[in-house]
There are 2 protein chains.
Amino acid sequence: MMNRPLPSVAEVAEFQLIEFLKHQRFFNEVSDATLHHFVEQSRIKTYPKRNILFMQEDEAHHFYFIMHGWVKLFRETLDGNEAVTDILTTGHMFGVTSLFENKIYPYSAEAVESVKLVQLPISSLEEMIKSDKKLALNMLSAISRRSREQGHEIEHLSMQTAAQRLGCFLLRLCPMDSTGEVILRLPYDKTLLASRLGMKPETFSRSLKKLGEQVDLSVDGATVRIHDIEQMSHYACNACSQTFPCEAHD
Amino acid sequence: MMNRPLPSVAEVAEFQLIEFLKHQRFFNEVSDATLHHFVEQSRIKTYPKRNILFMQEDEAHHFYFIMHGWVKLFRETLDGNEAVTDILTTGHMFGVTSLFENKIYPYSAEAVESVKLVQLPISSLEEMIKSDKKLALNMLSAISRRSREQGHEIEHLSMQTAAQRLGCFLLRLCPMDSTGEVILRLPYDKTLLASRLGMKPETFSRSLKKLGEQVDLSVDGATVRIHDIEQMSHYACNACSQTFPCEAHD
DNA sequence: CGAGGGTTTGAAGTGCATCAAATAGTGTGG
DNA sequence: CCACACTATTTGATGCACTTCAAACCCTCG
């Protein structure tokens with residue numbers, strides 16, 4: 001028999017958090033010491049649907065790492081419109097772009113669905129990046145990856161039609177090695193997806209219909225069946241600099 | 001009298017390069033040793049107008065730092081169109097996004113005008129970033145700044161009209177503390193500027209005209225006179241999340 | 001002067017937004 | 001399990017923004 005006391009609830013939670021983080025690319029090869037330090041300084045937060053995490057122009061106090069759920073990053077224009085910058089999920093981080101610069105969030109963030117986050121003070125993150133070289137390099141990778149994705153986003157917005165952009169998005173939901181028929185579910189509701197793709201809900205609806213006319217496609221609610229992925233990529237990737245299993249593919 | 005021999009041409013060039021680099025944000029607070037190492041490993045290259053520096057998908061061997069002139073970054077789509085990603089000048093760097101990732105250029109680069117560049121092997125850069133912490137942090141700043149700029153670009157493309165985007169661009173050419181009347185020159189030809197702003201030359205021409213009808217503006221070749229910068233920012237920034245001396249302003 | 005690129009203009013077409021309204025879907029209280 | 005309220009999605013009609021195609025104009029440089 002062991003005399004060791006059972007771990008407390010907090011200890012179990014901490015252990016799970018470490019296990020989760022260990023498998024994230026951002027913490028790849030990062031020392032256990034740093035990882036522990038990270039966990040100590042951070043808090044796990046849960047927010048319900050619609051909850052605003054911070055607003056653009058707010059002073060940036062925290063950096064976030066998503067454990068579960070979806071977060072919308074957006075900007076509000078003076079004339080009252082909303083530009084959705086990105087929609088993130090498990091494994092993605094946000095609130096980092098303000099790092100080492102003016103400490104102001106360049107966008108607002110909102111929970112799309114109930115979301116579970118790891119929250120870390122920016123100051124702790126900076127300190128850790130300064131002290132742990134590997135973490136700094138991982139951060140460099142993460143941000144430059146993000147920058148490349150944004151580059152694709154820009155290309156898509158200026159070169160593709162709405163229907164092609166939608167097709168491109170669907171392709172990126174497919175596993176990288178897909179061929180022939182693929183069935184998938186839209187990850188969040190169509191209105192949100194529309195704004196994510198830079199179009200109005202009406203346009204989204206019509207584009208989906210149009211896409212179905214151009215390539216074999218059947219839609220049932222949030223379920224989409226692509227009959228022939230090659231055909232789809234031919235249609236969608238034609239106005240892009242890359243084809244299907246492309247770099248923009250996560 | 002001094003017996004010290006005169007410095008050689010190469011030594012003078014090296015000295016000048018170091019002086020130049022020292023004043024660049026990227027080398028801020030970087031040690032002299034690193035700076036020297038950088039200069040030793042790098043070469044100064046001059047390319048004439050139209051010269052292709054590298055193509056998208058090429059293996060990324062070099063990183064570039066612009067000393068003088070203009071460089072166009074772009075992608076070519078399968079259906080034969082060109083998407084201009086960015087146009088850079090003195091003090092900007094490119095070819096970095098491939099750092100620590102797949103070593104492939106995500107865009108093509110071309111000299112717009114005759115251009116003078118500092119060229120450094122990617123491997124040397126990586127090595128230096130790994131060994132000099134300050135350089136790594138500066139790189140982090142540089143890339144996250146770039147990423148924020150791209151975020152604005154995306155917002156602009158999806159929220160602003162062509163004329164507003166043009167107005168926004170003109171505003172960013174103005175000194176940050178400008179008020180009232182400002183006179184400026186377009187930095188490169190209108191066709192290129194059009195593609196930089198994601199529109200056709202015809203649209204550019206018409207947008208410039210339209211802009212002149214909406215706000216007081218006179219155009220003479222490449223010279224533009226903005227009569228009232230507040231009026232201009234009211235017009236252009238209305239569809240944006242920020243106003244005139246804005247974050248996107250370099 | 002003439003050739004060729006950059007720029008503007010005109011006419012016509014396409015794509016997306018807007019406004020308005022119908023329809024489908026979901027969750028709630030009875 | 002139904003009726004109601006509310007939201008998401010679709011559809012139709014119309015207009016504006018940008019592109020396309022074609023042609024003229026303007027510069028400048030050999």
# chains A, B, ... in the order shown; residues from 1 in each chain; ligands from 1
call {"tool": "residues_around", "arguments": {"residues": "stretch 4-13 of chain C", "least_positions_apart": "6", "cutoff": "8 Å", "atoms": "only C-alpha atoms (C1' of nucleotides)", "output": "MDAnalysis selection string"}}
result
(chainID B and resid 191 202 205) or (chainID D and resid 20 24:26)
call {"tool": "write_last_selection", "arguments": {"atoms": "N, CA and C atoms (P, O5', C5', C4', C3', O3' and C1' of nucleotides)", "output": "mmCIF file, in the first residue's frame"}}
result
data_model
loop_
_atom_site.group_PDB
_atom_site.id
_atom_site.type_symbol
_atom_site.label_atom_id
_atom_site.label_comp_id
_atom_site.auth_asym_id
_atom_site.auth_seq_id
_atom_site.Cartn_x
_atom_site.Cartn_y
_atom_site.Cartn_z
ATOM 1 N N THR B 191 0.190 51.997 -62.916
ATOM 2 C CA THR B 191 -0.214 50.622 -63.214
ATOM 3 C C THR B 191 0.192 49.698 -62.064
ATOM 4 N N GLU B 202 -7.424 50.601 -65.210
ATOM 5 C CA GLU B 202 -8.594 51.411 -65.569
ATOM 6 C C GLU B 202 -9.349 51.856 -64.324
ATOM 7 N N SER B 205 -7.460 54.579 -62.489
ATOM 8 C CA SER B 205 -7.638 55.880 -63.117
ATOM 9 C C SER B 205 -8.989 56.494 -62.738
ATOM 10 P P DT D 20 -10.945 41.281 -65.532
ATOM 11 O "O5'" DT D 20 -11.576 41.523 -66.976
ATOM 12 C "C5'" DT D 20 -12.902 41.064 -67.246
ATOM 13 C "C4'" DT D 20 -13.328 41.532 -68.618
ATOM 14 C "C3'" DT D 20 -12.212 41.536 -69.677
ATOM 15 O "O3'" DT D 20 -12.670 40.760 -70.776
ATOM 16 C "C1'" DT D 20 -13.375 43.604 -69.660
ATOM 17 P P DA D 24 -9.679 54.972 -82.218
ATOM 18 O "O5'" DA D 24 -9.288 56.228 -81.320
ATOM 19 C "C5'" DA D 24 -10.288 56.840 -80.506
ATOM 20 C "C4'" DA D 24 -9.590 57.522 -79.360
ATOM 21 C "C3'" DA D 24 -8.468 58.475 -79.798
ATOM 22 O "O3'" DA D 24 -8.712 59.731 -79.204
ATOM 23 C "C1'" DA D 24 -7.702 56.997 -78.107
ATOM 24 P P DC D 25 -7.907 61.006 -79.645
ATOM 25 O "O5'" DC D 25 -6.891 61.203 -78.442
ATOM 26 C "C5'" DC D 25 -7.369 61.170 -77.110
ATOM 27 C "C4'" DC D 25 -6.194 61.058 -76.186
ATOM 28 C "C3'" DC D 25 -5.025 61.985 -76.571
ATOM 29 O "O3'" DC D 25 -4.821 62.883 -75.500
ATOM 30 C "C1'" DC D 25 -4.286 59.801 -76.000
ATOM 31 P P DC D 26 -3.903 64.162 -75.654
ATOM 32 O "O5'" DC D 26 -2.853 63.934 -74.479
ATOM 33 C "C5'" DC D 26 -3.004 62.843 -73.590
ATOM 34 C "C4'" DC D 26 -1.642 62.395 -73.099
ATOM 35 C "C3'" DC D 26 -0.486 63.338 -73.446
ATOM 36 O "O3'" DC D 26 0.273 63.487 -72.270
ATOM 37 C "C1'" DC D 26 0.024 61.155 -74.136
#
call {"tool": "residues_around", "arguments": {"residues": "C:DG25", "least_positions_apart": "5", "cutoff": "12 Å", "atoms": "only C-alpha atoms (C1' of nucleotides)", "output": "PyMOL selection string"}}
result
(chain A and resi 221) or (chain D and resi 6-9)
call {"tool": "residues_around", "arguments": {"residues": "D:DC16", "least_positions_apart": "5", "cutoff": "12 Å", "atoms": "only C-alpha atoms (C1' of nucleotides)", "output": "list in words"}}
result
Thr161 of chain B; DG15, DC16, DA17 and DT18 of chain C
call {"tool": "atom_distance", "arguments": {"atom1": "atom CA of B:Gln24", "atom2": "atom CA of B:Leu173"}}
result
19.8 Å
call {"tool": "residues_around", "arguments": {"residues": "B:Glu127", "least_positions_apart": "2", "cutoff": "12 Å", "atoms": "only C-alpha atoms (C1' of nucleotides)", "output": "PyMOL selection string"}}
result
(chain A and resi 137) or (chain B and resi 34+37-38+41+99-100+120-125+129-133+135-136)
call {"tool": "write_last_selection", "arguments": {"atoms": "N, CA and C atoms", "output": "PDB file, in the first residue's frame"}}
result
ATOM      1  N   LEU A 137      12.036  30.709 -30.824  1.00  0.00           N
ATOM      2  CA  LEU A 137      12.077  30.209 -32.195  1.00  0.00           C
ATOM      3  C   LEU A 137      10.732  29.632 -32.611  1.00  0.00           C
TER       4      LEU A 137
ATOM      5  N   THR B  34      27.770  40.452 -33.915  1.00  0.00           N
ATOM      6  CA  THR B  34      26.745  39.896 -34.801  1.00  0.00           C
ATOM      7  C   THR B  34      26.665  40.683 -36.094  1.00  0.00           C
ATOM      8  N   HIS B  37      29.492  39.839 -38.243  1.00  0.00           N
ATOM      9  CA  HIS B  37      29.280  38.507 -38.775  1.00  0.00           C
ATOM     10  C   HIS B  37      28.292  38.570 -39.932  1.00  0.00           C
ATOM     11  N   PHE B  38      27.247  39.334 -39.719  1.00  0.00           N
ATOM     12  CA  PHE B  38      26.222  39.515 -40.752  1.00  0.00           C
ATOM     13  C   PHE B  38      26.851  40.050 -42.033  1.00  0.00           C
ATOM     14  N   GLN B  41      29.078  37.560 -43.950  1.00  0.00           N
ATOM     15  CA  GLN B  41      28.376  36.501 -44.655  1.00  0.00           C
ATOM     16  C   GLN B  41      27.569  36.993 -45.846  1.00  0.00           C
ATOM     17  N   LEU B  99      11.496  31.156 -43.248  1.00  0.00           N
ATOM     18  CA  LEU B  99      12.411  30.833 -42.163  1.00  0.00           C
ATOM     19  C   LEU B  99      11.901  29.694 -41.290  1.00  0.00           C
ATOM     20  N   PHE B 100      12.751  28.745 -41.006  1.00  0.00           N
ATOM     21  CA  PHE B 100      12.449  27.652 -40.098  1.00  0.00           C
ATOM     22  C   PHE B 100      11.255  26.809 -40.535  1.00  0.00           C
ATOM     23  N   LEU B 120      21.786  37.624 -47.904  1.00  0.00           N
ATOM     24  CA  LEU B 120      22.396  36.767 -46.892  1.00  0.00           C
ATOM     25  C   LEU B 120      21.826  35.362 -47.011  1.00  0.00           C
ATOM     26  N   PRO B 121      22.692  34.349 -46.978  1.00  0.00           N
ATOM     27  CA  PRO B 121      22.157  32.985 -47.026  1.00  0.00           C
ATOM     28  C   PRO B 121      21.206  32.739 -45.855  1.00  0.00           C
ATOM     29  N   ILE B 122      20.092  32.097 -46.141  1.00  0.00           N
ATOM     30  CA  ILE B 122      19.110  31.778 -45.106  1.00  0.00           C
ATOM     31  C   ILE B 122      19.764  31.022 -43.960  1.00  0.00           C
ATOM     32  N   SER B 123      20.640  30.108 -44.312  1.00  0.00           N
ATOM     33  CA  SER B 123      21.286  29.297 -43.270  1.00  0.00           C
ATOM     34  C   SER B 123      22.075  30.176 -42.309  1.00  0.00           C
ATOM     35  N   SER B 124      22.766  31.191 -42.848  1.00  0.00           N
ATOM     36  CA  SER B 124      23.510  32.096 -41.973  1.00  0.00           C
ATOM     37  C   SER B 124      22.553  32.862 -41.074  1.00  0.00           C
ATOM     38  N   LEU B 125      21.464  33.297 -41.666  1.00  0.00           N
ATOM     39  CA  LEU B 125      20.495  34.054 -40.882  1.00  0.00           C
ATOM     40  C   LEU B 125      19.945  33.203 -39.743  1.00  0.00           C
ATOM     41  N   ILE B 129      20.279  33.993 -35.825  1.00  0.00           N
ATOM     42  CA  ILE B 129      19.090  34.171 -35.001  1.00  0.00           C
ATOM     43  C   ILE B 129      19.132  33.235 -33.805  1.00  0.00           C
ATOM     44  N   LYS B 130      19.658  32.056 -34.049  1.00  0.00           N
ATOM     45  CA  LYS B 130      19.756  31.105 -32.953  1.00  0.00           C
ATOM     46  C   LYS B 130      20.799  31.539 -31.930  1.00  0.00           C
ATOM     47  N   SER B 131      21.842  32.203 -32.411  1.00  0.00           N
ATOM     48  CA  SER B 131      22.920  32.542 -31.478  1.00  0.00           C
ATOM     49  C   SER B 131      22.758  33.932 -30.863  1.00  0.00           C
ATOM     50  N   ASP B 132      22.120  34.824 -31.557  1.00  0.00           N
ATOM     51  CA  ASP B 132      21.950  36.166 -30.993  1.00  0.00           C
ATOM     52  C   ASP B 132      20.497  36.409 -30.608  1.00  0.00           C
ATOM     53  N   LYS B 133      20.262  36.405 -29.319  1.00  0.00           N
ATOM     54  CA  LYS B 133      18.903  36.523 -28.818  1.00  0.00           C
ATOM     55  C   LYS B 133      18.231  37.815 -29.258  1.00  0.00           C
ATOM     56  N   LEU B 135      18.725  39.565 -31.871  1.00  0.00           N
ATOM     57  CA  LEU B 135      18.361  39.492 -33.282  1.00  0.00           C
ATOM     58  C   LEU B 135      17.069  38.686 -33.445  1.00  0.00           C
ATOM     59  N   ALA B 136      16.961  37.615 -32.667  1.00  0.00           N
ATOM     60  CA  ALA B 136      15.744  36.792 -32.732  1.00  0.00           C
ATOM     61  C   ALA B 136      14.529  37.621 -32.319  1.00  0.00           C
TER      62      ALA B 136
END
call {"tool": "residues_around", "arguments": {"residues": "A:Arg206", "least_positions_apart": "4", "cutoff": "9 Å", "atoms": "only C-alpha atoms (C1' of nucleotides)", "output": "count of residues only"}}
result
6
call {"tool": "interface_residues", "arguments": {"of": "chain B", "to": "chain C", "cutoff": "12 Å", "atoms": "only C-alpha atoms (C1' of nucleotides)", "output": "MDAnalysis selection string"}}
result
chainID B and resid 158:159 188:192 194 200:209 221:222
call {"tool": "select_by_dssp", "arguments": {"residues": "stretch 65-238 of chain A", "states": "alpha helix (DSSP H)", "output": "ChimeraX atom specification"}}
result
/A:122-131,133-159,162-173,190-196,201-214,229-236
call {"tool": "closest_residue", "arguments": {"among": "B:Glu181, B:Glu213, B:Glu126, B:Glu113", "to": "B:Thr46", "atoms": "only C-alpha atoms"}}
result
B:Glu113
call {"tool": "residues_around", "arguments": {"residues": "A:Val215", "least_positions_apart": "2", "cutoff": "10 Å", "atoms": "only C-alpha atoms (C1' of nucleotides)", "output": "ChimeraX atom specification"}}
result
/A:167,210-213,217-218,226-236
call {"tool": "write_last_selection", "arguments": {"atoms": "C-alpha atoms", "output": "short mmCIF file (atom, residue, chain, number, x, y, z; two decimals), in the first residue's frame"}}
result
data_model
loop_
_atom_site.label_atom_id
_atom_site.label_comp_id
_atom_site.auth_asym_id
_atom_site.auth_seq_id
_atom_site.Cartn_x
_atom_site.Cartn_y
_atom_site.Cartn_z
CA GLY A 167 -14.72 25.95 -52.76
CA LYS A 210 -23.61 28.03 -57.87
CA LEU A 211 -20.77 25.81 -56.72
CA GLY A 212 -23.16 22.88 -56.80
CA GLU A 213 -23.95 23.66 -60.41
CA LEU A 217 -21.88 18.75 -54.77
CA SER A 218 -24.77 17.98 -52.48
CA ILE A 226 -18.06 16.71 -52.60
CA HIS A 227 -18.42 14.19 -55.33
CA ASP A 228 -15.07 14.64 -56.97
CA ILE A 229 -12.37 16.52 -55.18
CA GLU A 230 -10.20 16.85 -58.28
CA GLN A 231 -13.03 18.51 -60.12
CA MET A 232 -13.54 20.84 -57.18
CA SER A 233 -9.92 21.80 -56.98
CA HIS A 234 -9.87 22.42 -60.69
CA TYR A 235 -12.72 24.84 -60.26
CA ALA A 236 -11.59 26.58 -57.08
#
call {"tool": "closest_atom_pairs", "arguments": {"of": "chain B", "to": "chain A", "cutoff": "6 Å", "atoms": "only C-alpha atoms", "output": "Markdown table"}}
result
| residue | atom | partner | partner_atom | distance |
| --- | --- | --- | --- | --- |
| B:Glu76 | CA | A:Ser241 | CA | 5.5 |
| B:Thr77 | CA | A:Ser241 | CA | 3.9 |
| B:Leu78 | CA | A:Asn238 | CA | 5.3 |
| B:Asp79 | CA | A:Asn238 | CA | 5.7 |
| B:Thr97 | CA | A:Ser144 | CA | 5.4 |
| B:Leu140 | CA | A:Leu140 | CA | 5.7 |
| B:Ser144 | CA | A:Thr97 | CA | 5.4 |
| B:Ser147 | CA | A:Ser147 | CA | 5.1 |
| B:Ile154 | CA | A:Ile154 | CA | 5.9 |
| B:Asn238 | CA | A:Leu78 | CA | 5.3 |
| B:Ala239 | CA | A:Thr77 | CA | 5.5 |
| B:Cys240 | CA | A:Thr77 | CA | 4.6 |
| B:Ser241 | CA | A:Thr77 | CA | 3.9 |
call {"tool": "residues_around", "arguments": {"residues": "A:Phe54", "least_positions_apart": "3", "cutoff": "7 Å", "atoms": "only C-alpha atoms (C1' of nucleotides)", "output": "count of residues only"}}
result
3
call {"tool": "interface_residues", "arguments": {"of": "chain D", "to": "chain B", "cutoff": "9 Å", "atoms": "only C-alpha atoms (C1' of nucleotides)", "output": "ChimeraX atom specification"}}
result
/D:17-19
call {"tool": "write_last_selection", "arguments": {"atoms": "C-alpha atoms (C1' of nucleotides)", "output": "mmCIF file, in the first residue's frame"}}
result
data_model
loop_
_atom_site.group_PDB
_atom_site.id
_atom_site.type_symbol
_atom_site.label_atom_id
_atom_site.label_comp_id
_atom_site.auth_asym_id
_atom_site.auth_seq_id
_atom_site.Cartn_x
_atom_site.Cartn_y
_atom_site.Cartn_z
ATOM 1 C "C1'" DA D 17 -18.628 48.609 -58.193
ATOM 2 C "C1'" DC D 18 -15.368 46.727 -60.678
ATOM 3 C "C1'" DT D 19 -13.796 44.340 -64.799
#
call {"tool": "atom_distance", "arguments": {"atom1": "atom CA of A:Met67", "atom2": "atom CA of A:Lys45"}}
result
9.7 Å
call {"tool": "atom_distance", "arguments": {"atom1": "atom CA of B:His249", "atom2": "atom CA of B:Met93"}}
result
17.4 Å
